[in-house]
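S.K.: Could you have a look at this structure, given as structure tokens, before my questions?
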Amino acid sequence: MDSITVVADLDALGKISAFITDAAELAGLDERATWQVQLAVDEAATNVIQHAYDEDTPGELTLGWSCENNRFVITLRDNGRSFDPAGVPPPDIYSSLEERQVGGLGLYLITRLMDEVRFDFHPQEGNVLTMVKYLIGGPRDDALVLPVSGRVDAVTAPQLTKTVHEHIAQGTRFVLLDLREVTFLSSSGLRALLLIRKELMTLGGELRLAGLQPQVLEVFALTGFTQVFAIHSSLEEAQGAFGQGRA
């Protein structure tokens, strides 16, 4: 793994950007994927600089990269304050600018731009953020395709959440919900899907939805969630998208 270590201050962002841009080009990423990596790394590094250390006593930040089995793997390490992504609420991207609460956008962008994201804390190594961008697209053979049918409401949503959670506990990180047979979706169903998505994203995974009936798709449109979820017209499209970055 090639790496650099810099003082964790804002003056280092230019050096960090140049380093990861060269790395992405060496790995063979195209222009769009390189830009996604640049932005994700900048957001992650800025978070470390602004939140892991005190402003008057900046520590060090180590950025490394490698290519492993068609995966461009990036790590950021620091010895500052520990970070728990579960404690960061999702940003409000729908309210007017005057009403929005500040915060959470950096983490949101990272999880949208990269294919896998994982946060770890080690007593010796400190905070370790691992981000992955796939080098070759295509269907994943480890994605769970789960058919859902009938109503997804206050009665049935808890069982759907439990079923997916059990698969996640067994190691599943990529989930495709086949919603072709779903005839009704309530706000309780939406909340269940949001919880599933949040759990997967926290673990560096991904949730995709496919085959929504018009009335079900309208619920997503009315609530603005078409911009939150990765929604596909067919299973084939959704399966192929797992290797193409987040929707």
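Naming works like this for the structure tokens: A, B, ... for the chains as they're shown, residue 1 at the start of each chain, ligands 1 onward in shown order.
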Within 8 Å of Gln38 of chain A, counting only C-alpha atoms, which residues show up once you throw out same-chain ones fewer than 4 positions away? Write them as number ranges by chain, please.
M.R.: A: 17, 20-21, 34, 42
S.K.: As a PyMOL selection string, list the residues of segment 40-237 of chain A assigned to strand (DSSP E) by DSSP on the backbone atoms of this structure.
M.R.: chain A and resi 60-67+71-78+116-122+126-134+144-152+174-185+206-210+230-232
S.K.: Do you have the atom CA of Arg112 of chain A-atom CA of Asp30 of chain A distance handy?
M.R.: 17.4 Å
S.K.: Write out as number ranges by chain the set of residues from segment 197-239 of chain A that DSSP, computed on the backbone, places in alpha helix (DSSP H).
M.R.: A: 197-202, 214-223, 235-239
S.K.: Which value, in Å to one decimal, gives the distance between atom CA of Val37 of chain A and atom CA of Asp56 of chain A?
M.R.: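 Computed distance, atom CA of Val37 of chain A to atom CA of Asp56 of chain A, equals 28.9 Å.
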S.K.: Hey, can you check how far atom CA of Met114 of chain A sits from atom CA of Ile74 of chain A?
M.R.: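 Result for atom CA of Met114 of chain A versus atom CA of Ile74 of chain A: 10.2 Å, one decimal.
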S.K.: Just the residues within 9 Å of Ser187 of chain A, please, counting only C-alpha atoms, with nothing from its chain fewer than 4 positions along; format it as an MDAnalysis selection string.
M.R.: chainID A and resid 153:154 191:192 219
S.K.: Find the residues near Leu144 of chain A: any atom within 8 Å, counting only C-alpha atoms, skip ones fewer than 5 places away on the same chain, and give them as a list in words.
M.R.: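 Listed by chain and then number, they are Thr172, Phe174, Val175 and Leu176 of chain A.
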S.K.: Which residue is closest to Thr161 of chain A? Choose from A:Gly189, A:Gly106, A:Gly240, A:Gly80 and count only C-alpha atoms.
M.R.: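 Counting only C-alpha atoms, the residue closest to Thr161 of chain A is A:Gly189.
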S.K.: Could you pull the residues within 9 Å of Thr46 of chain A, counting only C-alpha atoms, minus those fewer than 2 positions along the same chain, as a list in words?
M.R.: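 In the requested format, the answer is Ala8, Asp9, Leu10, Leu13, Val41, Asp42, Glu43, Ala44, Val48, Ile49, Gln50, His51 and Gly106 of chain A.
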S.K.: Do you know which residues are at most 12 Å from segment 225-229 of chain A counting only C-alpha atoms, after dropping those on the same chain fewer than 2 positions away, and could you put them as a VMD selection string?
M.R.: chain A and resid 90 to 94 108 to 109 111 to 112 176 to 177 187 190 to 191 193 to 198 201 206 to 210 212 216 to 223 231 to 232 238 246 to 247
S.K.: Next, dump the selected residues to file, keeping only N, CA and C atoms, as a compact mmCIF listing (two decimals), in the first residue's frame.
M.R.:
# COMPACT_ATOMS: atom_id res chain seq x y z
N PRO A 90 -28.85 11.74 9.66
CA PRO A 90 -28.80 12.02 8.22
C PRO A 90 -29.16 13.47 7.96
N PRO A 91 -28.55 14.09 6.96
CA PRO A 91 -28.82 15.50 6.69
C PRO A 91 -30.22 15.70 6.11
N ASP A 92 -30.77 16.86 6.35
CA ASP A 92 -32.05 17.24 5.77
C ASP A 92 -31.77 17.87 4.42
N ILE A 93 -32.09 17.13 3.35
CA ILE A 93 -31.79 17.64 2.00
C ILE A 93 -33.06 18.09 1.27
N TYR A 94 -34.16 18.18 2.01
CA TYR A 94 -35.43 18.52 1.36
C TYR A 94 -36.03 19.83 1.83
N TYR A 108 -22.73 11.90 4.51
CA TYR A 108 -23.72 11.54 3.51
C TYR A 108 -23.08 11.44 2.13
N LEU A 109 -22.27 12.42 1.78
CA LEU A 109 -21.61 12.40 0.47
C LEU A 109 -20.65 11.21 0.35
N THR A 111 -20.79 8.27 1.77
CA THR A 111 -21.51 7.01 1.59
C THR A 111 -22.21 6.94 0.25
N ARG A 112 -22.52 8.09 -0.36
CA ARG A 112 -23.14 8.08 -1.68
C ARG A 112 -22.12 7.93 -2.79
N LEU A 176 -30.96 -6.35 -2.37
CA LEU A 176 -31.88 -5.90 -3.41
C LEU A 176 -33.28 -6.39 -3.05
N LEU A 177 -34.18 -5.46 -2.80
CA LEU A 177 -35.56 -5.81 -2.48
C LEU A 177 -36.38 -5.82 -3.77
N SER A 187 -46.31 4.91 5.39
CA SER A 187 -45.17 5.60 5.99
C SER A 187 -44.39 4.66 6.91
N LEU A 190 -42.03 2.91 4.72
CA LEU A 190 -40.92 3.79 4.36
C LEU A 190 -39.90 3.87 5.49
N ARG A 191 -40.38 3.99 6.72
CA ARG A 191 -39.47 4.07 7.86
C ARG A 191 -38.64 2.78 7.98
N LEU A 193 -37.75 0.80 5.54
CA LEU A 193 -36.75 0.81 4.48
C LEU A 193 -35.61 1.77 4.82
N LEU A 194 -35.93 2.91 5.45
CA LEU A 194 -34.89 3.86 5.85
C LEU A 194 -33.96 3.25 6.89
N LEU A 195 -34.54 2.51 7.84
CA LEU A 195 -33.72 1.86 8.87
C LEU A 195 -32.81 0.80 8.26
N ILE A 196 -33.34 0.03 7.32
CA ILE A 196 -32.53 -0.98 6.64
C ILE A 196 -31.39 -0.31 5.88
N ARG A 197 -31.72 0.74 5.15
CA ARG A 197 -30.71 1.45 4.36
C ARG A 197 -29.62 2.03 5.27
N LYS A 198 -30.03 2.63 6.39
CA LYS A 198 -29.06 3.23 7.30
C LYS A 198 -28.13 2.17 7.88
N MET A 201 -25.67 1.07 5.13
CA MET A 201 -24.70 2.11 4.81
C MET A 201 -23.67 2.26 5.92
N GLU A 206 -25.15 -1.60 0.93
CA GLU A 206 -25.98 -0.88 -0.04
C GLU A 206 -27.35 -1.54 -0.14
N LEU A 207 -28.39 -0.71 -0.24
CA LEU A 207 -29.75 -1.19 -0.46
C LEU A 207 -30.24 -0.66 -1.80
N ARG A 208 -30.82 -1.56 -2.61
CA ARG A 208 -31.44 -1.17 -3.87
C ARG A 208 -32.84 -1.75 -3.94
N LEU A 209 -33.73 -1.01 -4.61
CA LEU A 209 -35.13 -1.40 -4.76
C LEU A 209 -35.44 -1.56 -6.24
N ALA A 210 -36.27 -2.54 -6.57
CA ALA A 210 -36.57 -2.78 -7.99
C ALA A 210 -38.02 -3.17 -8.18
N LEU A 212 -40.94 -1.37 -8.69
CA LEU A 212 -42.02 -0.73 -7.93
C LEU A 212 -43.26 -0.52 -8.80
N VAL A 216 -46.92 2.49 -5.65
CA VAL A 216 -45.86 2.43 -4.64
C VAL A 216 -44.79 3.47 -4.96
N LEU A 217 -44.42 3.58 -6.22
CA LEU A 217 -43.44 4.58 -6.63
C LEU A 217 -43.93 5.98 -6.31
N GLU A 218 -45.24 6.20 -6.41
CA GLU A 218 -45.79 7.53 -6.13
C GLU A 218 -45.57 7.92 -4.67
N VAL A 219 -45.61 6.94 -3.76
CA VAL A 219 -45.36 7.24 -2.35
C VAL A 219 -43.95 7.78 -2.17
N PHE A 220 -42.99 7.16 -2.87
CA PHE A 220 -41.61 7.64 -2.80
C PHE A 220 -41.50 9.04 -3.39
N ALA A 221 -42.20 9.29 -4.49
CA ALA A 221 -42.14 10.60 -5.14
C ALA A 221 -42.75 11.68 -4.26
N LEU A 222 -43.90 11.38 -3.63
CA LEU A 222 -44.58 12.36 -2.79
C LEU A 222 -43.75 12.76 -1.58
N THR A 223 -42.98 11.83 -1.07
CA THR A 223 -42.18 12.09 0.13
C THR A 223 -40.76 12.55 -0.20
N ILE A 231 -33.52 3.32 -6.80
CA ILE A 231 -34.72 2.67 -7.33
C ILE A 231 -34.51 2.31 -8.79
N HIS A 232 -34.83 1.06 -9.14
CA HIS A 232 -34.60 0.56 -10.50
C HIS A 232 -35.88 -0.05 -11.05
N ALA A 238 -30.96 -3.35 -11.46
CA ALA A 238 -30.52 -3.16 -10.09
C ALA A 238 -29.29 -4.00 -9.79
N ARG A 246 -23.05 4.15 -6.29
CA ARG A 246 -24.38 4.38 -5.76
C ARG A 246 -25.19 5.23 -6.71
N ALA A 247 -26.50 4.96 -6.70
CA ALA A 247 -27.40 5.74 -7.56
C ALA A 247 -27.56 7.16 -7.03
